[in-house]
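Q: This is the content of data_8.txt (compact mmCIF, C-alpha atoms):
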# COMPACT_ATOMS: atom_id res chain seq x y z
CA MET A 1 6.02 -16.93 -83.62
CA ASN A 2 6.58 -17.18 -79.86
CA GLN A 3 3.75 -18.64 -77.81
CA PRO A 4 2.23 -16.40 -75.12
CA VAL A 5 3.52 -17.01 -71.59
CA HIS A 6 0.82 -17.76 -69.00
CA ILE A 7 1.79 -17.37 -65.33
CA LEU A 8 -0.31 -17.86 -62.20
CA LEU A 9 0.49 -15.20 -59.58
CA ILE A 10 -0.02 -16.02 -55.89
CA ASN A 11 0.42 -13.33 -53.24
CA THR A 12 -0.57 -14.01 -49.64
CA ALA A 13 2.42 -12.29 -48.02
CA LEU A 14 0.67 -9.20 -46.61
CA GLU A 15 -2.80 -8.09 -45.46
CA ASP A 16 -4.34 -8.12 -48.94
CA ALA A 17 -4.06 -11.40 -50.81
CA SER A 18 -4.40 -11.78 -54.56
CA ILE A 19 -4.55 -14.58 -57.10
CA ALA A 20 -4.00 -13.45 -60.68
CA TRP A 21 -3.37 -14.81 -64.16
CA SER A 22 -0.94 -13.00 -66.43
CA VAL A 23 -0.22 -13.38 -70.14
CA ASN A 24 3.11 -12.01 -71.38
CA GLY A 25 3.51 -9.99 -68.19
CA LYS A 26 0.03 -8.42 -68.25
CA VAL A 27 -2.68 -9.26 -65.72
CA VAL A 28 -5.79 -10.60 -67.46
CA ALA A 29 -7.79 -11.65 -64.38
CA GLU A 30 -7.47 -11.25 -60.62
CA LYS A 31 -9.21 -12.20 -57.38
CA THR A 32 -8.46 -10.41 -54.10
CA ASN A 33 -9.08 -10.95 -50.40
CA SER A 34 -8.50 -8.34 -47.68
CA ALA A 35 -9.12 -10.56 -44.63
CA ALA A 36 -5.70 -11.90 -43.68
CA HIS A 37 -7.11 -14.71 -41.50
CA GLU A 38 -9.02 -16.06 -44.53
CA HIS A 39 -6.08 -16.36 -46.93
CA ALA A 40 -5.79 -20.14 -46.54
CA GLY A 41 -9.41 -20.70 -47.55
CA PHE A 42 -9.27 -18.08 -50.30
CA VAL A 43 -6.43 -19.37 -52.47
CA GLN A 44 -7.69 -22.61 -54.03
CA PRO A 45 -11.27 -21.46 -54.81
CA ALA A 46 -9.86 -18.25 -56.31
CA ILE A 47 -7.52 -20.22 -58.58
CA GLU A 48 -10.39 -22.41 -59.74
CA ASP A 49 -12.60 -19.37 -60.37
CA LEU A 50 -9.85 -17.62 -62.37
CA SER A 51 -9.35 -20.66 -64.57
CA LYS A 52 -13.07 -20.82 -65.36
CA GLU A 53 -13.39 -17.05 -65.79
CA ILE A 54 -10.82 -16.86 -68.57
CA ASN A 55 -11.62 -20.33 -69.92
CA GLN A 56 -8.05 -21.58 -69.52
CA PRO A 57 -7.13 -24.91 -67.91
CA LEU A 58 -4.40 -24.88 -65.29
CA ASP A 59 -2.19 -27.09 -67.43
CA ARG A 60 -2.00 -24.19 -69.88
CA LEU A 61 0.22 -22.38 -67.37
CA ASP A 62 3.92 -21.98 -68.12
CA ALA A 63 4.90 -21.25 -64.51
CA ILE A 64 3.56 -20.45 -61.05
CA ALA A 65 4.92 -17.37 -59.28
CA VAL A 66 4.61 -16.52 -55.59
CA ILE A 67 5.53 -13.53 -53.44
CA ASN A 68 7.76 -15.41 -51.02
CA GLY A 69 8.50 -13.03 -48.15
CA PRO A 70 9.19 -11.41 -45.88
CA GLY A 71 5.68 -10.91 -44.56
CA SER A 72 3.06 -12.81 -42.58
CA TYR A 73 4.48 -16.16 -41.43
CA THR A 74 1.17 -17.92 -42.00
CA GLY A 75 0.51 -16.12 -45.26
CA LEU A 76 3.93 -17.04 -46.66
CA ARG A 77 3.43 -20.70 -45.84
CA VAL A 78 -0.03 -20.67 -47.46
CA GLY A 79 1.26 -19.04 -50.63
CA LEU A 80 4.34 -21.17 -51.14
CA SER A 81 2.66 -24.47 -50.30
CA SER A 82 -0.13 -23.67 -52.76
CA ALA A 83 2.36 -22.74 -55.48
CA LYS A 84 4.47 -25.85 -54.87
CA GLY A 85 1.43 -28.10 -54.93
CA ILE A 86 0.38 -26.85 -58.36
CA CYS A 87 3.96 -27.04 -59.66
CA TYR A 88 4.29 -30.66 -58.55
CA ALA A 89 0.87 -31.65 -59.88
CA LEU A 90 1.35 -30.04 -63.30
CA ALA A 91 5.16 -30.33 -63.63
CA LYS A 92 5.53 -26.56 -63.95
CA PRO A 93 8.45 -24.37 -62.80
CA LEU A 94 8.29 -22.23 -59.67
CA ILE A 95 9.13 -18.51 -59.61
CA THR A 96 9.67 -16.78 -56.25
CA ILE A 97 9.70 -13.00 -55.86
CA ASN A 98 10.96 -11.27 -52.71
CA THR A 99 8.25 -9.06 -51.17
CA LEU A 100 10.61 -6.12 -50.67
CA HIS A 101 11.91 -6.35 -54.25
CA TRP A 102 8.32 -6.30 -55.55
CA MET A 103 7.52 -3.26 -53.39
CA ALA A 104 10.64 -1.42 -54.49
CA PHE A 105 10.00 -2.22 -58.16
CA GLY A 106 6.49 -0.79 -57.92
CA ASN A 107 7.68 2.37 -56.17
CA ARG A 108 10.90 3.18 -58.03
CA SER A 109 10.99 6.90 -58.68
CA ALA A 110 12.94 9.49 -60.63
CA ASN A 111 12.57 11.82 -57.65
CA THR A 112 14.89 9.92 -55.31
CA GLU A 113 18.08 7.92 -55.73
CA TRP A 114 17.03 4.99 -53.58
CA VAL A 115 13.81 3.37 -52.41
CA ILE A 116 13.49 1.52 -49.10
CA PRO A 117 10.35 -0.59 -48.70
CA MET A 118 9.21 -1.34 -45.16
CA ILE A 119 6.89 -4.03 -43.84
CA ASP A 120 5.50 -3.65 -40.33
CA ALA A 121 6.97 -6.29 -38.01
CA ARG A 122 5.18 -4.93 -34.91
CA ARG A 123 6.35 -2.58 -32.19
CA MET A 124 9.16 -0.42 -33.66
CA GLU A 125 10.53 -3.14 -35.93
CA VAL A 126 10.23 -3.44 -39.71
CA PHE A 127 11.40 -5.75 -42.46
CA MET A 128 13.33 -3.58 -44.91
CA ALA A 129 15.81 -3.47 -47.78
CA GLY A 130 17.28 -0.78 -50.03
CA TYR A 131 17.33 -0.55 -53.83
CA ASN A 132 18.92 1.96 -56.20
CA SER A 133 17.41 3.31 -59.43
CA LYS A 134 18.66 0.24 -61.34
CA MET A 135 16.80 -2.02 -58.89
CA GLU A 136 20.08 -3.30 -57.49
CA CYS A 137 19.89 -4.27 -53.83
CA VAL A 138 22.11 -1.85 -51.90
CA ILE A 139 20.87 -2.76 -48.41
CA GLU A 140 20.24 -6.46 -47.84
CA PRO A 141 16.82 -7.50 -46.52
CA SER A 142 16.74 -7.55 -42.74
CA ALA A 143 14.61 -6.93 -39.67
CA LYS A 144 15.43 -3.51 -38.19
CA ILE A 145 14.37 -1.79 -34.98
CA LEU A 146 13.70 1.85 -35.80
CA GLU A 147 15.48 4.71 -34.07
CA GLU A 148 15.78 8.36 -35.13
CA GLN A 149 19.25 7.83 -36.64
CA SER A 150 18.54 4.40 -38.14
CA PHE A 151 19.18 5.43 -41.74
CA ASP A 152 21.51 8.43 -41.37
CA GLU A 153 24.40 6.43 -42.83
CA TRP A 154 22.57 6.32 -46.17
CA LEU A 155 20.44 9.46 -45.91
CA ASN A 156 23.53 11.63 -45.51
CA THR A 157 24.61 10.70 -49.04
CA HIS A 158 21.38 9.74 -50.87
CA THR A 159 17.81 10.92 -51.30
CA ILE A 160 15.55 8.03 -50.27
CA SER A 161 11.84 7.34 -50.55
CA PHE A 162 10.36 5.05 -47.88
CA VAL A 163 7.22 3.07 -48.73
CA GLY A 164 5.07 0.32 -47.27
CA ASN A 165 2.90 -0.42 -44.25
CA GLY A 166 5.83 -0.01 -41.87
CA VAL A 167 6.57 3.58 -42.90
CA SER A 168 4.18 5.46 -40.62
CA LYS A 169 6.15 4.76 -37.45
CA TRP A 170 9.42 5.64 -39.19
CA ALA A 171 7.98 8.88 -40.61
CA ALA A 172 6.96 9.87 -37.07
CA ILE A 173 10.58 9.91 -35.85
CA CYS A 174 12.59 10.65 -39.01
CA LYS A 175 13.85 14.24 -39.22
CA HIS A 176 16.23 13.93 -42.18
CA ALA A 177 15.69 16.26 -45.16
CA HIS A 178 16.70 13.56 -47.67
CA ALA A 179 13.81 11.29 -46.64
CA SER A 180 10.44 11.28 -48.39
CA PHE A 181 7.30 9.23 -47.80
CA PRO A 182 5.24 8.87 -51.00
CA VAL A 183 2.01 6.89 -51.15
CA ALA A 184 2.93 3.29 -51.98
CA ASN A 185 2.06 2.13 -55.49
CA HIS A 186 3.11 -1.54 -55.76
CA ASN A 187 0.42 -3.84 -57.14
CA THR A 188 -0.19 -7.06 -59.05
CA SER A 189 0.84 -5.56 -62.38
CA HIS A 190 4.36 -5.07 -60.99
CA PHE A 191 4.35 -8.66 -59.71
CA ALA A 192 3.38 -9.82 -63.21
CA GLU A 193 6.27 -7.87 -64.78
CA LEU A 194 8.80 -9.37 -62.38
CA ALA A 195 7.46 -12.88 -62.91
CA GLN A 196 7.63 -12.44 -66.68
CA GLN A 197 11.25 -11.25 -66.41
CA ALA A 198 12.12 -14.27 -64.27
CA HIS A 199 10.51 -16.64 -66.77
CA LYS A 200 12.34 -15.02 -69.68
CA ASN A 201 15.64 -15.40 -67.80
CA ASN A 202 14.84 -18.95 -66.65
CA THR A 203 15.17 -17.81 -63.06
CA PHE A 204 13.32 -20.63 -61.37
CA SER A 205 13.38 -21.84 -57.76
CA ASP A 206 14.09 -25.37 -56.59
CA LEU A 207 10.78 -27.06 -55.78
CA ALA A 208 12.27 -29.37 -53.17
CA TYR A 209 14.32 -26.87 -51.20
CA THR A 210 12.66 -23.45 -51.56
CA GLU A 211 11.31 -22.09 -48.28
CA PRO A 212 9.62 -18.79 -47.37
CA GLU A 213 12.00 -15.86 -46.89
CA TYR A 214 11.01 -15.07 -43.32
CA THR A 215 14.01 -12.70 -42.76
CA LYS A 216 13.78 -13.34 -39.01
CA SER A 217 13.09 -16.46 -36.97
CA PHE A 218 9.53 -17.39 -36.16
CA HIS A 219 8.56 -16.95 -32.51
CA SER A 220 5.26 -18.44 -31.38
CA THR A 221 3.28 -16.81 -28.58
CA ALA A 222 1.29 -20.00 -27.95
CA LYS A 223 1.65 -21.64 -24.55
CA LYS A 224 3.72 -24.81 -24.55
Do you think you could lay out the structure here as structure tokens?

A:
Amino acid sequence: MNQPVHILLINTALEDASIAWSVNGKVVAEKTNSAAHEHAGFVQPAIEDLSKEINQPLDRLDAIAVINGPGSYTGLRVGLSSAKGICYALAKPLITINTLHWMAFGNRSANTEWVIPMIDARRMEVFMAGYNSKMECVIEPSAKILEEQSFDEWLNTHTISFVGNGVSKWAAICKHAHASFPVANHNTSHFAELAQQAHKNNTFSDLAYTEPEYTKSFHSTAKK
């Protein structure tokens, strides 16, 4: 009989952070934090609390999974460094999940042909990507400045649902009949499913060389 697969799920990419423990792709315990500036101090205590709550030692884990961007620059660094640290300490494999892929997976719909998740990148810019009904990436992740005709190339031939915290500014200028804006539904259960799939397929990331998927270069506003 196959042994159950235990995976620690770390997500500090967006406003709401979560630390969760999944068994065979199902979330069994979760801790959340909605204050983005507190993510760094939230992660390690939450992991310790989860381990005690379900009475499972960390060395019982089969892998550590992290939502690896795009998203908050600081949040991505916090999440990946935490995941790597545990992987190194316990000799466990690392699983990285793209934020936009996770969002698309959670919001795939029979009502539209494609889904385009959007993450607010301030002003009129978003991080975005496009996925078809088979969860194949049809528009590569990128940073895009929104204009009224930004997606006409694809909207002219496909029905598309747009989801995520960057959608409101796009919905305000989009006039195309093929566009829809459903309430976003991606959550930790979808993250757990993707991590389980990656573990089953042995899709692991290189501990030494994996970096956050920023999608665009970091620009500091601090004075030099």

Q: Please provide as a list in words all residues within 9 Å of Ala121 (chain A), with the sequence filter that same-chain residues fewer than 6 positions apart are discarded (counting only C-alpha atoms).

A: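 Listing them by chain and then by number gives Gly71, Ser72, Phe127, Ala143, Lys144 and Gly166 of chain A.
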
Q: Can you list, as a ChimeraX atom specification, every protein, DNA or RNA residue that comes within 9 Å of region 94-108 of chain A when you count all atoms listed in the file, leaving out same-chain residues fewer than 4 positions away?

A: /A:13-14,63-71,80,83-84,87,112-119,127-135,137,141,161,163-164,182-187,189-191,194-195,198-199,203-207,210,213

Q: Under the rule that all atoms listed in the file are counted, which of A:Val28, A:Val78, A:Ala179, A:Val167 is the nearest residue to Trp154 (chain A)?

A: A:Ala179

Q: Please measure the separation of CA of Leu50 (chain A) and CA of Tyr214 (chain A), giving the value in Å to one decimal.

A: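 We find that CA of Leu50 (chain A) and CA of Tyr214 (chain A) lie 28.4 Å from each other.
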
Q: Taking 6 positions as the minimum chain separation for residues in the same chain, which residues sit within 12 Å of Ile173 (chain A) when counting only C-alpha atoms? Answer as a PyMOL selection string.

A: chain A and resi 124+146-151+167+179

Q: What is the distance between CA of Ile7 (chain A) and CA of Val138 (chain A), in Å to one decimal?

A: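 Rounded to one decimal, the two atoms are 28.9 Å apart.
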
Q: Just the number, please: distance in Å from CA of Ala17 (chain A) to CA of Gln44 (chain A), one decimal.

A: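 Answer for the CA of Ala17 (chain A) to CA of Gln44 (chain A) separation: 12.2 Å.
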
Q: Nearest to Asn2 (chain A): which of A:Gly85, A:Thr159, A:Ser18, A:Asn24 is it, counting only C-alpha atoms?

A: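 Distance minimum relative to Asn2 (chain A) lands on A:Asn24.
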
Q: Nearest to Cys174 (chain A): which of A:Ala192, A:Leu76, A:Leu90, A:Leu155 is it, counting all atoms listed in the file?

A: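 The answer is A:Leu155, which sits nearest to Cys174 (chain A).
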
Q: Which residues are near Glu53 (chain A)? Cut-off 12 Å, all atoms listed in the file, ignore same chain within fewer than 2 positions. Put them as a PDB file with C-alpha atoms, in the frame of the given file.

A:
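Below is the file that was written, around-v6.pdb:
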ATOM      1  CA  ALA A  20      -4.000 -13.450 -60.680  1.00  0.00           C
ATOM      2  CA  TRP A  21      -3.370 -14.810 -64.160  1.00  0.00           C
ATOM      3  CA  VAL A  28      -5.790 -10.600 -67.460  1.00  0.00           C
ATOM      4  CA  ALA A  29      -7.790 -11.650 -64.380  1.00  0.00           C
ATOM      5  CA  GLU A  30      -7.470 -11.250 -60.620  1.00  0.00           C
ATOM      6  CA  LYS A  31      -9.210 -12.200 -57.380  1.00  0.00           C
ATOM      7  CA  ALA A  46      -9.860 -18.250 -56.310  1.00  0.00           C
ATOM      8  CA  ILE A  47      -7.520 -20.220 -58.580  1.00  0.00           C
ATOM      9  CA  GLU A  48     -10.390 -22.410 -59.740  1.00  0.00           C
ATOM     10  CA  ASP A  49     -12.600 -19.370 -60.370  1.00  0.00           C
ATOM     11  CA  LEU A  50      -9.850 -17.620 -62.370  1.00  0.00           C
ATOM     12  CA  SER A  51      -9.350 -20.660 -64.570  1.00  0.00           C
ATOM     13  CA  ASN A  55     -11.620 -20.330 -69.920  1.00  0.00           C
ATOM     14  CA  GLN A  56      -8.050 -21.580 -69.520  1.00  0.00           C
ATOM     15  CA  PRO A  57      -7.130 -24.910 -67.910  1.00  0.00           C
ATOM     16  CA  LEU A  58      -4.400 -24.880 -65.290  1.00  0.00           C
TER      17      LEU A  58
END

Q: With all atoms listed in the file as the basis for distance, which of A:Thr188, A:Asn201, A:Ser142, A:Ser180 is at the shortest distance from Ile19 (chain A)?

A: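 Closest residue, counting all atoms listed in the file: A:Thr188.
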
Q: Under the rule that all atoms listed in the file are counted, which of A:Phe181, A:Glu15, A:Asp120, A:Ser168 is the nearest residue to Ala35 (chain A)?

A: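 Of A:Phe181, A:Glu15, A:Asp120, A:Ser168, the one nearest Ala35 (chain A) is A:Glu15, counting all atoms listed in the file.
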
Q: Would you fill out region 89-106 of chain A with N, CA and C atoms and return it as a PDB file, keeping the file's coordinate frame?

A:
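The resulting result.pdb:
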ATOM      1  N   ALA A  89       1.967 -30.961 -59.213  1.00  0.00           N
ATOM      2  CA  ALA A  89       0.870 -31.650 -59.880  1.00  0.00           C
ATOM      3  C   ALA A  89       0.931 -31.502 -61.400  1.00  0.00           C
ATOM      4  N   LEU A  90       1.363 -30.319 -61.861  1.00  0.00           N
ATOM      5  CA  LEU A  90       1.350 -30.040 -63.300  1.00  0.00           C
ATOM      6  C   LEU A  90       2.731 -30.056 -63.936  1.00  0.00           C
ATOM      7  N   ALA A  91       3.765 -30.333 -63.133  1.00  0.00           N
ATOM      8  CA  ALA A  91       5.160 -30.330 -63.630  1.00  0.00           C
ATOM      9  C   ALA A  91       5.512 -28.988 -64.252  1.00  0.00           C
ATOM     10  N   LYS A  92       5.224 -27.919 -63.502  1.00  0.00           N
ATOM     11  CA  LYS A  92       5.530 -26.560 -63.950  1.00  0.00           C
ATOM     12  C   LYS A  92       6.620 -25.953 -63.072  1.00  0.00           C
ATOM     13  N   PRO A  93       7.404 -25.003 -63.611  1.00  0.00           N
ATOM     14  CA  PRO A  93       8.450 -24.370 -62.800  1.00  0.00           C
ATOM     15  C   PRO A  93       7.892 -23.361 -61.807  1.00  0.00           C
ATOM     16  N   LEU A  94       8.654 -23.158 -60.743  1.00  0.00           N
ATOM     17  CA  LEU A  94       8.290 -22.230 -59.670  1.00  0.00           C
ATOM     18  C   LEU A  94       9.131 -20.959 -59.766  1.00  0.00           C
ATOM     19  N   ILE A  95       8.458 -19.814 -59.654  1.00  0.00           N
ATOM     20  CA  ILE A  95       9.130 -18.510 -59.610  1.00  0.00           C
ATOM     21  C   ILE A  95       8.841 -17.889 -58.246  1.00  0.00           C
ATOM     22  N   THR A  96       9.869 -17.462 -57.528  1.00  0.00           N
ATOM     23  CA  THR A  96       9.670 -16.780 -56.250  1.00  0.00           C
ATOM     24  C   THR A  96      10.176 -15.347 -56.346  1.00  0.00           C
ATOM     25  N   ILE A  97       9.367 -14.420 -55.846  1.00  0.00           N
ATOM     26  CA  ILE A  97       9.700 -13.000 -55.860  1.00  0.00           C
ATOM     27  C   ILE A  97       9.739 -12.493 -54.421  1.00  0.00           C
ATOM     28  N   ASN A  98      10.832 -11.851 -54.044  1.00  0.00           N
ATOM     29  CA  ASN A  98      10.960 -11.270 -52.710  1.00  0.00           C
ATOM     30  C   ASN A  98       9.958 -10.124 -52.546  1.00  0.00           C
ATOM     31  N   THR A  99       9.269 -10.088 -51.415  1.00  0.00           N
ATOM     32  CA  THR A  99       8.250  -9.060 -51.170  1.00  0.00           C
ATOM     33  C   THR A  99       8.834  -7.656 -51.268  1.00  0.00           C
ATOM     34  N   LEU A 100       9.996  -7.448 -50.682  1.00  0.00           N
ATOM     35  CA  LEU A 100      10.610  -6.120 -50.670  1.00  0.00           C
ATOM     36  C   LEU A 100      11.053  -5.693 -52.065  1.00  0.00           C
ATOM     37  N   HIS A 101      11.532  -6.638 -52.863  1.00  0.00           N
ATOM     38  CA  HIS A 101      11.910  -6.350 -54.250  1.00  0.00           C
ATOM     39  C   HIS A 101      10.682  -5.924 -55.047  1.00  0.00           C
ATOM     40  N   TRP A 102       9.581  -6.650 -54.881  1.00  0.00           N
ATOM     41  CA  TRP A 102       8.320  -6.300 -55.550  1.00  0.00           C
ATOM     42  C   TRP A 102       7.877  -4.884 -55.146  1.00  0.00           C
ATOM     43  N   MET A 103       7.929  -4.579 -53.861  1.00  0.00           N
ATOM     44  CA  MET A 103       7.520  -3.260 -53.390  1.00  0.00           C
ATOM     45  C   MET A 103       8.407  -2.164 -53.956  1.00  0.00           C
ATOM     46  N   ALA A 104       9.702  -2.410 -53.962  1.00  0.00           N
ATOM     47  CA  ALA A 104      10.640  -1.420 -54.490  1.00  0.00           C
ATOM     48  C   ALA A 104      10.432  -1.209 -55.992  1.00  0.00           C
ATOM     49  N   PHE A 105      10.220  -2.299 -56.715  1.00  0.00           N
ATOM     50  CA  PHE A 105      10.000  -2.220 -58.160  1.00  0.00           C
ATOM     51  C   PHE A 105       8.764  -1.380 -58.476  1.00  0.00           C
ATOM     52  N   GLY A 106       7.717  -1.553 -57.692  1.00  0.00           N
ATOM     53  CA  GLY A 106       6.490  -0.790 -57.920  1.00  0.00           C
ATOM     54  C   GLY A 106       6.580   0.660 -57.517  1.00  0.00           C
TER      55      GLY A 106
END
